[in-house]
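Okay, structure first, notes after.
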Amino acid sequence: MDTMQKIISLCKRRGLVFPGSEIYGGLANTWDYGPYGVEIIKNIKDLWWERFVKLREDIVGIQSAILMHPRVWESSGHVAGFTDPLSDCKKCKKRWRSDQHQKCPECGGELTGERKFNLMFKTFIGPVESEASAVYLRPETAQGMFVNFKNVKDTARKKLPFGIAQIGKAFRNEITPGNFVFRVLEFEQMEIEYFIEEKNWKKEFKNWQSEMEKWCWDIGLTQYKIREHDQNELSHYSKKTIDIEYIYPFGQKELYGLAYRTNYDLRAHGSSPDAPHVIEPTFGVDRTFLAIICEAYKEEKDRIVLKLKPEIAPIKVAVFPLLRNQKELVKKAREVFTRLKVSKEFDDNGNIGKRYRRQDEIGTPHCLTIDFETLKNNTVTVRERDSMKQKRVEIDKLCKSINQF
Ligand code: ATP
């Protein structure tokens with residue numbers, strides 16, 4: 001099995017990610033986050049929001065609607081330009097990206113001429129499916145910030161430079177293969193539109209690049225590379241874009257983007273030509289999750305372990321009574337468990353070795369075992385995930401230090 005398959009299988013086996021609509025045979029390029037996966041996702045989003053919104057004076061958040069007026073997408077250029085070039089195989093009728101294939105990769109058949117395929121999902125408001133009632137599911141969160149620029153500026157009383165941030169779902173009708181949660185039909189973005197004076201764009205761009213790199217290191221990502229877009233690769237709104245690419249098991253591909261969008265969007269929505277300029281750092285939640293899992297996944301001699309940063313780990317501490325049929329041990333373990341105020345798990349199933357393996361595979365940094373010595377002197381065995389070293393610690397001290405975390 002290749003590494004990616006092993007990671008997908010671990011995610012399924014341990015309740016991190018399940019194939020979407022699995023009991024109906026699955027729906028391609030959709031995935032559901034399970035009990036541990038959703039904790040990781042939530043930790044990523046909370047850390048991001050705290051760092052870029054709560055603790056900064058110059059950035060405020062919003063949550064805009066997924067369905068927006070169709071004219072938003074005309075003005076932004078998405079109706080005309082948010083397309084992939086596609087061709088059909090004349091033999092087997094499968095559809096492919098014509099910028100990536102000359103012949104059908106499946107049967108070798110000849111491909112038809114290129115057709116532009118818009119990536120936005122279309123739906124209808126009300127009972128009549130007509131062009132007049134058509135709306136799109138947003139393909140990016142950014143436009144929510146642009147259309148609210150004036151509302152936010154007037155109410156948050158911010159002066160340039162300042163930013164508007166948002167975390168939310170975006171939808172794209174992707175036809176290229178997914179690679180697990182790397183490319184999905186619905187995904188979450190964490191985006192900032194940072195409004196600046198035009199003359200400062202180079203300085204602000206550099207600053208945001210370094211902010212993004214610091215974020216990567218702080219959540220445990222080291223295997224990334226910076227790649228600047230060539231002129232012919234730039235989006236219609238951008239003067240300079242870099243991608244932070246991650247070295248996934250299936251290759252080096254985009255993780256995040258940083259774009260200088262000029263004043264294109266505000267002008268497109270009707271602001272005057274002296275509208276502020278914009279630097280846009282954009283972070284995909286699902287690709288963050290994937291990169292974190294890929295980097296944390298380690299196969300060691302007798303175990304598989306996710307070496308997640310404690311801030312990211314879904315469970316911070318697991319509590320084990322040494323034996324499940326010893327009432328005193330279970331009672332004491334329950335007592336310790338109740339005192340811990342972090343996300344935690346109680347496990348009295350099977351032998352201790354098996355319980356450790358399970359916690360290793362979901363990345364729990366510490367396991368506490370309550371044994372007979374605990375009953376005598378109020379100490380527990382703490383086992384550390386990465387070194388697998390064990391030490392005895394007083395319960396009071398331990399609860400204090402874990403709860404502080
Ligand atoms: P790609 O070239 O891989 O399609 P993109 O350049 O179109 O990506 P952007 O429009 O810059 O992506 O979107 C911003 C961020 O949203 C990306 O950096 C990525 O993290 C995330 N993202 C985009 N499309 C998807 C998708 N289909 N599935 C999951 N995440 C996505």
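Each chain in the structure tokens gets a letter, A, B and so on, in the order shown; residues start at 1 in every chain, and ligands are counted from 1 in the order they appear.
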**OP:** Would you list the contacts of Asn325 of chain A as a PyMOL selection string, taking every protein, DNA or RNA residue within 12 Å and counting only C-alpha atoms, but skipping same-chain residues closer than 5 positions in sequence?
**Re:** chain A and resi 330-331+348-350
Give me, as a compact mmCIF listing (two decimals) with N, CA and C atoms, in the first residue's frame, the residues of segment 291-388 of chain A that a backbone DSSP run labels helix (DSSP H, G or I).
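Full text of states-v1.txt as output:
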```
# COMPACT_ATOMS: atom_id res chain seq x y z
N ALA A 291 -2.26 18.18 5.17
CA ALA A 291 -0.82 18.37 5.32
C ALA A 291 -0.38 18.02 6.74
N ILE A 292 -1.19 18.41 7.71
CA ILE A 292 -0.85 18.11 9.12
C ILE A 292 -0.80 16.60 9.34
N ILE A 293 -1.80 15.90 8.82
CA ILE A 293 -1.83 14.43 9.01
C ILE A 293 -0.64 13.79 8.29
N CYS A 294 -0.35 14.25 7.06
CA CYS A 294 0.76 13.66 6.30
C CYS A 294 2.09 13.87 7.03
N GLU A 295 2.27 15.08 7.58
CA GLU A 295 3.53 15.36 8.26
C GLU A 295 3.64 14.60 9.59
N ALA A 296 2.49 14.41 10.26
CA ALA A 296 2.51 13.78 11.59
C ALA A 296 2.58 12.25 11.51
N LYS A 327 -12.70 -2.27 41.25
CA LYS A 327 -13.56 -1.10 41.52
C LYS A 327 -12.81 0.13 41.98
N GLU A 328 -11.85 -0.08 42.89
CA GLU A 328 -11.12 1.06 43.47
C GLU A 328 -10.34 1.80 42.39
N LEU A 329 -9.72 1.03 41.51
CA LEU A 329 -8.93 1.64 40.42
C LEU A 329 -9.83 2.45 39.49
N VAL A 330 -10.97 1.85 39.14
CA VAL A 330 -11.88 2.53 38.21
C VAL A 330 -12.41 3.81 38.85
N LYS A 331 -12.73 3.73 40.13
CA LYS A 331 -13.27 4.90 40.83
C LYS A 331 -12.23 6.04 40.86
N LYS A 332 -11.00 5.66 41.18
CA LYS A 332 -9.93 6.67 41.24
C LYS A 332 -9.69 7.27 39.85
N ALA A 333 -9.71 6.40 38.84
CA ALA A 333 -9.48 6.88 37.46
C ALA A 333 -10.58 7.85 37.04
N ARG A 334 -11.82 7.53 37.43
CA ARG A 334 -12.95 8.43 37.12
C ARG A 334 -12.76 9.79 37.79
N GLU A 335 -12.23 9.74 39.03
CA GLU A 335 -11.99 10.97 39.78
C GLU A 335 -11.00 11.87 39.03
N VAL A 336 -9.90 11.24 38.60
CA VAL A 336 -8.86 12.00 37.87
C VAL A 336 -9.46 12.54 36.56
N PHE A 337 -10.20 11.69 35.88
CA PHE A 337 -10.81 12.04 34.59
C PHE A 337 -11.69 13.29 34.74
N THR A 338 -12.50 13.30 35.82
CA THR A 338 -13.42 14.42 36.04
C THR A 338 -12.66 15.73 36.28
N ARG A 339 -11.49 15.63 36.88
CA ARG A 339 -10.73 16.86 37.19
C ARG A 339 -10.06 17.47 35.97
N ILE A 352 -3.19 -2.65 28.39
CA ILE A 352 -2.68 -1.27 28.32
C ILE A 352 -1.96 -1.01 26.99
N GLY A 353 -1.21 -2.01 26.52
CA GLY A 353 -0.47 -1.86 25.26
C GLY A 353 -1.40 -1.49 24.11
N LYS A 354 -2.52 -2.19 24.04
CA LYS A 354 -3.51 -1.91 22.98
C LYS A 354 -4.08 -0.51 23.12
N ARG A 355 -4.33 -0.09 24.36
CA ARG A 355 -4.90 1.25 24.58
C ARG A 355 -3.90 2.32 24.15
N TYR A 356 -2.60 2.07 24.43
CA TYR A 356 -1.57 3.03 23.98
C TYR A 356 -1.57 3.13 22.45
N ARG A 357 -1.64 1.99 21.78
CA ARG A 357 -1.58 1.99 20.29
C ARG A 357 -2.71 2.82 19.71
N ARG A 358 -3.89 2.64 20.30
CA ARG A 358 -5.05 3.37 19.81
C ARG A 358 -4.85 4.89 19.97
N GLN A 359 -4.36 5.29 21.13
CA GLN A 359 -4.14 6.73 21.36
C GLN A 359 -3.01 7.25 20.47
N ASP A 360 -1.97 6.41 20.24
CA ASP A 360 -0.87 6.82 19.35
C ASP A 360 -1.42 7.15 17.96
N GLU A 361 -2.35 6.32 17.50
CA GLU A 361 -2.86 6.48 16.13
C GLU A 361 -3.79 7.67 15.96
N ILE A 362 -4.31 8.20 17.08
CA ILE A 362 -5.08 9.45 16.94
C ILE A 362 -4.28 10.64 17.45
N PHE A 372 -2.19 0.38 41.29
CA PHE A 372 -2.33 0.19 42.75
C PHE A 372 -1.50 1.20 43.54
N GLU A 373 -0.39 1.61 42.96
CA GLU A 373 0.43 2.60 43.67
C GLU A 373 -0.32 3.93 43.81
N THR A 374 -1.16 4.23 42.82
CA THR A 374 -1.95 5.47 42.88
C THR A 374 -2.78 5.52 44.15
N LEU A 375 -3.34 4.37 44.50
CA LEU A 375 -4.22 4.33 45.68
C LEU A 375 -3.43 4.61 46.95
N LYS A 376 -2.12 4.26 46.91
CA LYS A 376 -1.28 4.48 48.10
C LYS A 376 -0.78 5.91 48.18
N ASN A 377 -0.26 6.46 47.06
CA ASN A 377 0.45 7.75 47.18
C ASN A 377 -0.02 8.84 46.21
```
(Q) ligand 1: which residues are within 10 Å, counting only C-alpha atoms and all ligand atoms? Reply as a PyMOL selection string. (A) chain A and resi 29-30+82+84+119+139-142+169-191+233-235+241-245+253-259+280-288+290
Select from segment 281-378 of chain A everything DSSP, run on the backbone, classes as strand (DSSP E), then give the selection as a PDB file with N, CA and C atoms, in the first residue's frame.
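Listed below is the output, out11.pdb:
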```
ATOM      1  N   PRO A 281      -4.274  36.742   1.819  1.00  0.00           N
ATOM      2  CA  PRO A 281      -3.768  35.427   2.216  1.00  0.00           C
ATOM      3  C   PRO A 281      -4.950  34.459   2.337  1.00  0.00           C
ATOM      4  N   THR A 282      -4.861  33.317   1.694  1.00  0.00           N
ATOM      5  CA  THR A 282      -5.971  32.355   1.760  1.00  0.00           C
ATOM      6  C   THR A 282      -5.474  30.973   2.155  1.00  0.00           C
ATOM      7  N   PHE A 283      -6.207  30.392   3.105  1.00  0.00           N
ATOM      8  CA  PHE A 283      -5.795  29.114   3.703  1.00  0.00           C
ATOM      9  C   PHE A 283      -6.942  28.118   3.554  1.00  0.00           C
ATOM     10  N   GLY A 284      -6.705  26.984   2.936  1.00  0.00           N
ATOM     11  CA  GLY A 284      -7.739  25.941   2.865  1.00  0.00           C
ATOM     12  C   GLY A 284      -7.701  25.111   4.142  1.00  0.00           C
ATOM     13  N   TYR A 297       2.210  11.689  10.358  1.00  0.00           N
ATOM     14  CA  TYR A 297       2.116  10.229  10.229  1.00  0.00           C
ATOM     15  C   TYR A 297       3.500   9.574  10.236  1.00  0.00           C
ATOM     16  N   LYS A 298       3.743   8.701  11.224  1.00  0.00           N
ATOM     17  CA  LYS A 298       5.041   8.023  11.304  1.00  0.00           C
ATOM     18  C   LYS A 298       4.825   6.532  11.511  1.00  0.00           C
ATOM     19  N   GLU A 299       5.589   5.756  10.753  1.00  0.00           N
ATOM     20  CA  GLU A 299       5.569   4.310  10.997  1.00  0.00           C
ATOM     21  C   GLU A 299       6.824   3.973  11.762  1.00  0.00           C
ATOM     22  N   ILE A 304       2.156   2.599  14.642  1.00  0.00           N
ATOM     23  CA  ILE A 304       1.934   3.781  13.810  1.00  0.00           C
ATOM     24  C   ILE A 304       1.566   4.893  14.767  1.00  0.00           C
ATOM     25  N   VAL A 305       2.100   6.090  14.542  1.00  0.00           N
ATOM     26  CA  VAL A 305       1.803   7.175  15.466  1.00  0.00           C
ATOM     27  C   VAL A 305       1.588   8.473  14.690  1.00  0.00           C
ATOM     28  N   LEU A 306       0.639   9.275  15.164  1.00  0.00           N
ATOM     29  CA  LEU A 306       0.458  10.628  14.612  1.00  0.00           C
ATOM     30  C   LEU A 306       1.130  11.601  15.568  1.00  0.00           C
ATOM     31  N   VAL A 317      -5.511  14.121  26.392  1.00  0.00           N
ATOM     32  CA  VAL A 317      -5.063  13.176  27.421  1.00  0.00           C
ATOM     33  C   VAL A 317      -6.061  12.012  27.520  1.00  0.00           C
ATOM     34  N   ALA A 318      -5.493  10.798  27.718  1.00  0.00           N
ATOM     35  CA  ALA A 318      -6.361   9.630  27.915  1.00  0.00           C
ATOM     36  C   ALA A 318      -6.092   9.078  29.310  1.00  0.00           C
ATOM     37  N   VAL A 319      -7.163   8.595  29.957  1.00  0.00           N
ATOM     38  CA  VAL A 319      -7.039   8.090  31.324  1.00  0.00           C
ATOM     39  C   VAL A 319      -7.403   6.605  31.342  1.00  0.00           C
ATOM     40  N   PHE A 320      -6.497   5.790  31.877  1.00  0.00           N
ATOM     41  CA  PHE A 320      -6.720   4.338  31.925  1.00  0.00           C
ATOM     42  C   PHE A 320      -6.659   3.826  33.367  1.00  0.00           C
ATOM     43  N   PRO A 321      -7.714   3.135  33.840  1.00  0.00           N
ATOM     44  CA  PRO A 321      -7.499   2.325  35.042  1.00  0.00           C
ATOM     45  C   PRO A 321      -6.744   1.061  34.605  1.00  0.00           C
ATOM     46  N   LYS A 344     -10.658  14.866  26.354  1.00  0.00           N
ATOM     47  CA  LYS A 344     -10.060  13.719  27.034  1.00  0.00           C
ATOM     48  C   LYS A 344     -10.832  12.452  26.735  1.00  0.00           C
ATOM     49  N   GLU A 345     -10.227  11.318  27.039  1.00  0.00           N
ATOM     50  CA  GLU A 345     -10.897  10.045  26.785  1.00  0.00           C
ATOM     51  C   GLU A 345     -10.627   9.079  27.938  1.00  0.00           C
ATOM     52  N   PHE A 346     -11.633   8.288  28.280  1.00  0.00           N
ATOM     53  CA  PHE A 346     -11.502   7.274  29.326  1.00  0.00           C
ATOM     54  C   PHE A 346     -11.505   5.924  28.631  1.00  0.00           C
ATOM     55  N   HIS A 366      -0.564  12.520  25.750  1.00  0.00           N
ATOM     56  CA  HIS A 366      -0.285  11.878  27.042  1.00  0.00           C
ATOM     57  C   HIS A 366      -1.350  10.866  27.435  1.00  0.00           C
ATOM     58  N   CYS A 367      -0.889   9.753  28.025  1.00  0.00           N
ATOM     59  CA  CYS A 367      -1.807   8.777  28.605  1.00  0.00           C
ATOM     60  C   CYS A 367      -1.463   8.629  30.088  1.00  0.00           C
ATOM     61  N   LEU A 368      -2.496   8.585  30.926  1.00  0.00           N
ATOM     62  CA  LEU A 368      -2.295   8.423  32.364  1.00  0.00           C
ATOM     63  C   LEU A 368      -2.827   7.065  32.787  1.00  0.00           C
ATOM     64  N   THR A 369      -2.036   6.323  33.535  1.00  0.00           N
ATOM     65  CA  THR A 369      -2.529   5.043  34.032  1.00  0.00           C
ATOM     66  C   THR A 369      -2.640   5.087  35.551  1.00  0.00           C
ATOM     67  N   ILE A 370      -3.819   4.665  36.014  1.00  0.00           N
ATOM     68  CA  ILE A 370      -4.081   4.623  37.458  1.00  0.00           C
ATOM     69  C   ILE A 370      -3.875   3.177  37.902  1.00  0.00           C
TER      70      ILE A 370
END
```
Long-range neighbours of segment 396-400 of chain A as a VMD selection string, 9 Å cut-off, only C-alpha atoms, 4 positions minimum in chain:
chain A and resid 336 339 to 341 378 to 380 382 404 to 405
Produce a file of the selected residues containing N, CA and C atoms, as a CSV table (one decimal), in the first residue's frame.
```
chain,number,residue,atom,x,y,z
A,336,VAL,N,-9.9,11.2,38.6
A,336,VAL,CA,-8.9,12.0,37.9
A,336,VAL,C,-9.5,12.5,36.6
A,339,ARG,N,-11.5,15.6,36.9
A,339,ARG,CA,-10.7,16.9,37.2
A,339,ARG,C,-10.1,17.5,36.0
A,340,LEU,N,-10.0,16.7,34.9
A,340,LEU,CA,-9.3,17.2,33.7
A,340,LEU,C,-10.2,18.0,32.8
A,341,LYS,N,-9.8,19.3,32.5
A,341,LYS,CA,-10.8,20.2,31.8
A,341,LYS,C,-10.3,20.4,30.4
A,378,ASN,N,-1.2,8.6,45.6
A,378,ASN,CA,-1.8,9.7,44.7
A,378,ASN,C,-0.8,10.1,43.6
A,379,THR,N,-0.1,9.2,43.0
A,379,THR,CA,0.7,9.4,41.8
A,379,THR,C,0.1,8.6,40.7
A,380,VAL,N,0.3,9.0,39.4
A,380,VAL,CA,-0.1,8.2,38.3
A,380,VAL,C,1.1,8.0,37.3
A,382,VAL,N,2.5,8.6,33.8
A,382,VAL,CA,2.3,9.4,32.6
A,382,VAL,C,3.1,8.9,31.5
A,404,GLN,N,-3.9,23.8,32.5
A,404,GLN,CA,-3.3,25.1,32.1
A,404,GLN,C,-3.2,25.1,30.6
A,405,PHE,N,-3.0,24.0,30.0
A,405,PHE,CA,-2.7,23.9,28.6
A,405,PHE,C,-3.8,24.4,27.7
```
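Using only C-alpha atoms, the nearest neighbour of Thr123 of chain A within the list A:Asp2, A:Arg303, A:Pro70, A:His101 is A:Pro70.
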Separating atom CA of Ser9 of chain A from atom CA of Gly37 of chain A, to the nearest tenth of an Å, is a gap of 13.3 Å
note - atom CA of Val38 of chain A and atom CA of Leu16 of chain A are separated by 7.3 Å
Would you pick out the contacts of Gly220 of chain A at 7 Å or less, using only C-alpha atoms, so that residues sharing its chain but fewer than 3 positions from it are not included, and give the list as a VMD selection string? chain A and resid 216 to 217 292 309
Atom CA of Gly113 of chain A sits from atom CA of Ser87 of chain A at a separation of 5.9 Å
### Task
Return the single residue from A:Ile219, A:Ala268, A:Ala132, A:Ile8 that is closest to Ile40 of chain A, with distances computed using only C-alpha atoms.
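Checking each candidate against Ile40 of chain A, we get A:Ile219 as the closest.
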**Test item: residues at most 8 Å from Gly20 of chain A, only C-alpha atoms, excluding those fewer than 6 positions along its chain, as a ChimeraX atom specification** = /A:26-32
Counting only C-alpha atoms, the residue among A:Leu86, A:Ile41, A:Leu137, A:Val53 that lies closest to Val72 of chain A is A:Leu137
Determine the nearest neighbour of Ser238 of chain A from the options A:Arg261, A:Lys91, A:Lys54, A:Lys225, counting only C-alpha atoms.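 Going through A:Arg261, A:Lys91, A:Lys54, A:Lys225 one by one, the smallest distance to Ser238 of chain A is for A:Arg261.
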